[in-house]
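Notes for the one structure printed next.
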Amino acid sequence: MRRRRLLWLGMAGALAFLVGCNPPTPEESRSPDEAGTSRAPAAAPVRVPKTVGKKVYAHVMPWFETPASSGNGAWGIHWTMANQNPNVVDGSGRRQIASHYYPLIGPYASGDKDVIEYQLLLMKYAGVDGVLVDWPGTVNAWDYAKNRQNADALIARTAAVGLDFALVYEDHNIKLAFDAGFISNKLAAAQNDINALKNQYFPQGNHIKVNNAPLLLVFGPQTFQSPAEWSNLFAPLSPKPTFLTLWYESPEAGGNASGEYAWIYSDFTAGLNHFYNNHPVPLKLGVAYPGFHTFYSAGGWGGPTWSLPHNGLSSFGQTLDLAKNSGSVNHIQLATWNDYGEGTMLEPTREFGYGFLTTLQQKLGVPYSQRELELINTLYQQRKQYAGNAAKQAELDQAFSYLVSLQVTQAANILNGGGSTPTSIPLTNPGFESGMTGWATWSPNGTAAAFSETYNGAQAGAYHLTHWRTAPFEAWTYQAVSGLAPGNYKVRAWVRKGGDFEFARLQVQTCGGCPPVFTLLGTYGGWTQVETPSISVTGGFLEVGFHSRAPAANGASFIHMDSVELLRQ
């Protein structure tokens, strides 16, 4: 079944529909190895400390399948839509998927236990308190059963990591299944869903509770749109859930609704400000999202045609700040963790690196950085590298146990071969104390937007690199390094940044025309250390440096960079 996000609500309750269905997929059960339930128990998890007290939850889509997980040997439709073929792979190793963006670990199966471990650990170290899982209900139509299995596999691991969970109910699935002839009684199907909530999900010890009742969100409602229907459905529940509808839709649930949650819409911050400041509902769940750039048209599906630019990490920072600073919001939903079809994913990608998660760390006051996120990626890579090696998997189980209990050094000792210190590779003039010696700058129009200066102080020494110009500019300041031994490398630097950029990144690439590995730079009032993800070097050569583009004439847009390091891991 194609994506079921049929409702797009703004400040005025505007509505648009994504219609149509794909043929049913055979519903074969997943192998025990994919179920995510066989992994050894971990040490007692420890909550990540934060300076921001508001609860932050990641909205997760459990609907991705690979040929190994789908049950029919095909890629799932959320990777293919109507016309993409992930078996087509380009020269950079990128599969042809139905998205403008690409997961850092490649397209995956949502029920894969290694993927679940990776995702939940990333959330934990980014300051996320729990997951809001998109839940298809109990109807067995199209890919609903697979989605439910994947959701259950994810939920089964949340407690071990130290995260909470709740469900976002897709009640519209019942109408779709009814219209297609899979079910004959919509109310009976919904009652089965409510019984599952009552018996399977709400009793779990780490189910999110708000006002002493289990939290339940609905994406709509879209099938049951009268208070009497929801009163009927909730009759078996005691206590009744803290029930949140999409913004401006609570009248359809009447007194059964405890409040509403904000979502993504084309009016961007205007709509969010109106909801937070001018819309009187008892309980509001805020939202933070990175932008909105769907693949629907390119993928042969219908759907929303509007978009919201990501502006690097800026749109995410704006929406997060609005929710974080709103006095009417005590809970924030990250929308979304991994909706690639709509371009709202926050998990690491080739395009954005770890940028959204490091932004989250900084804005929530989490005492961790990209280093821990990369360590989690290393755990994932070794899970796959040593699949079938029971002794090695036991070691990795111990690393997982250390990570959930915040014993990072012990985990690194296992994952990094005894915790060896990365080797520093000498760079020429890494602190820009000798002007631009050793560094070259490319610009499409030859503008002088990169220079060494002392303005506002350096991170170390007297000088730093600056990208700045009163007119629009693009600059790629880089240093070529040759004679490198084969291995994994990353670049680290100190950065201070303000203003508006189309993009600004610290990056590394193995040839001039090769795809870069990079970290998008956020806004930093003080000197902040950032790192690129690791890159594998086999040809002995790297280009390292800073690439930025400021499309508007704005003298307030600047980047200061200093103390660059090249490290072999």
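Please note that chains go A, B, ... in the order of the structure tokens, that every chain numbers its residues from 1, and that ligands are numbered from 1 in the order shown.
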
- Exercise: Ala475 of chain A partners within 6 Å, only C-alpha atoms, chain neighbours under 6 positions left out, as number ranges by chain: A: 442-443, 547-548

Go ahead and save the picked residues with C-alpha atoms, as a PDB file, in the first residue's frame.
```pdb
ATOM      1  CA  TRP A 442      37.491  27.687  -5.866  1.00  0.00           C
ATOM      2  CA  SER A 443      34.545  29.922  -6.679  1.00  0.00           C
ATOM      3  CA  HIS A 547      32.252  24.556   1.029  1.00  0.00           C
ATOM      4  CA  SER A 548      29.624  27.261   1.474  1.00  0.00           C
TER       5      SER A 548
END
```

- Kindly indicate which residue among A:Ala156, A:Leu167, A:Ala151, A:Met123 lies nearest to Leu357 of chain A, using only C-alpha atoms for the distances.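 Using only C-alpha atoms, Leu357 of chain A sits closest to A:Met123.
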
- Task: Write out as JSON, numbers by chain which residues come within 8 Å of Gly487 of chain A when counting only C-alpha atoms, dropping same-chain ones fewer than 3 positions away.
- Result: {"A": [536, 537, 538, 568, 569]}

- Using only C-alpha atoms, find the one residue out of A:Met81, A:Lys186, A:Met561, A:Gly513 that sits nearest to Gly302 of chain A. A:Met81

- Query: Which residues in segment 146-221 of chain A does DSSP call strand (DSSP E)? List them as a list of chain:residue names.
  - Reply: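 Secondary structure check on segment 146-221 of chain A, strand (DSSP E): A:Asp164, A:Phe165, A:Ala166, A:Leu167, A:Val168, A:Tyr169, A:Lys209, A:Val210, A:Ala213, A:Pro214, A:Leu215, A:Leu216, A:Leu217, A:Val218.
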
- Message: Using DSSP assignments from the backbone, pull out every residue in segment 306-402 of chain A that falls under helix (DSSP H, G or I) and give it to me as an MDAnalysis selection string.
- Response: chainID A and resid 314:325 355:364 370:385 390:402

- Message: Quick one: residues within 7 Å of segment 246-252 of chain A, only C-alpha atoms, excluding same-chain residues fewer than 4 positions away - as a ChimeraX atom specification?
- Response: /A:13,218-220,225-227,257,259-262

What would the file look like if the residues just selected were written as a tab-separated table (two decimals), in the first residue's frame with N, CA and C atoms?
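So selection_38.tsv came out as:
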```
chain	number	residue	atom	x	y	z
A	13	GLY	N	-7.02	24.65	8.39
A	13	GLY	CA	-7.56	23.31	8.21
A	13	GLY	C	-7.62	22.89	6.77
A	218	VAL	N	-3.68	10.32	16.61
A	218	VAL	CA	-4.33	9.82	15.40
A	218	VAL	C	-3.95	10.74	14.25
A	219	PHE	N	-3.63	10.16	13.10
A	219	PHE	CA	-3.31	11.00	11.95
A	219	PHE	C	-4.61	11.37	11.25
A	220	GLY	N	-5.24	12.39	11.80
A	220	GLY	CA	-6.55	12.83	11.35
A	220	GLY	C	-7.34	13.35	12.56
A	225	GLN	N	-15.13	10.46	12.29
A	225	GLN	CA	-15.06	11.92	12.39
A	225	GLN	C	-16.22	12.51	13.17
A	226	SER	N	-16.70	11.76	14.17
A	226	SER	CA	-17.72	12.30	15.05
A	226	SER	C	-17.40	11.91	16.49
A	227	PRO	N	-17.72	12.77	17.45
A	227	PRO	CA	-17.46	12.44	18.85
A	227	PRO	C	-18.12	11.14	19.30
A	257	ALA	N	-11.05	14.07	22.82
A	257	ALA	CA	-9.73	14.63	22.48
A	257	ALA	C	-9.20	15.43	23.65
A	259	GLY	N	-6.36	17.15	23.18
A	259	GLY	CA	-5.62	18.23	22.57
A	259	GLY	C	-5.26	17.91	21.14
A	260	GLU	N	-4.25	18.60	20.61
A	260	GLU	CA	-3.88	18.47	19.20
A	260	GLU	C	-2.36	18.53	19.07
A	261	TYR	N	-1.88	18.07	17.93
A	261	TYR	CA	-0.44	18.20	17.66
A	261	TYR	C	-0.23	18.89	16.32
A	262	ALA	N	0.81	19.72	16.27
A	262	ALA	CA	1.15	20.45	15.05
A	262	ALA	C	1.79	19.51	14.05
```

- Message: I'd like the contact shell of Lys497 of chain A - 7 Å cut-off, only C-alpha atoms, skipping same-chain residues fewer than 5 positions apart - returned as a VMD selection string.
- Response: chain A and resid 523 to 525 558 to 560

- At what distance in Å, to one decimal, does atom CA of His172 of chain A lie from atom CA of Pro136 of chain A? 8.9 Å

- Message: Report as a PyMOL selection string all protein, DNA and RNA residues lying within 12 Å of Phe295 of chain A, evaluated on only C-alpha atoms, omitting residues in the same chain fewer than 2 positions from it.
- Response: chain A and resi 3+78-84+97-101+292-293+297-307+339-344

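Candidate residues A:Ser70, A:Thr423, A:Asn147, A:Ser434 were compared for distance to Leu566 of chain A, and the nearest is A:Thr423, using only C-alpha atoms.
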
- Within 12 Å of Gln398 of chain A, counting only C-alpha atoms, which residues show up once you throw out same-chain ones fewer than 2 positions away? Write them as an MDAnalysis selection string, please. chainID A and resid 39:43 379 391:396 400:405 407:408 410:415

- Query: Quick one, how far is atom CA of Tyr455 of chain A from atom CA of Gly312 of chain A?
  - Reply: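 So the two atoms, atom CA of Tyr455 of chain A and atom CA of Gly312 of chain A, lie 25.4 Å apart.
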
- Item | Point-to-point distance in Å for atom CA of Phe503 of chain A and atom CA of Ala550 of chain A | 7.4 Å

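Each of A:Asn185, A:Gln385, A:Gln96, A:Thr510 was compared to Pro486 of chain A using only C-alpha atoms, and A:Thr510 turns out to be the nearest.
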
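Here the question is which of A:Gly483, A:Pro516, A:Gly254, A:Gly540 gets nearest to Glu229 of chain A using only C-alpha atoms, and that residue is A:Gly254.
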
- Message: Using only C-alpha atoms, can you tell me which of A:Pro533, A:Pro214, A:Pro422, A:Pro430 comes closest to Ile376 of chain A?
- Response: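 Among the listed residues, the smallest separation from Ile376 of chain A belongs to A:Pro533.
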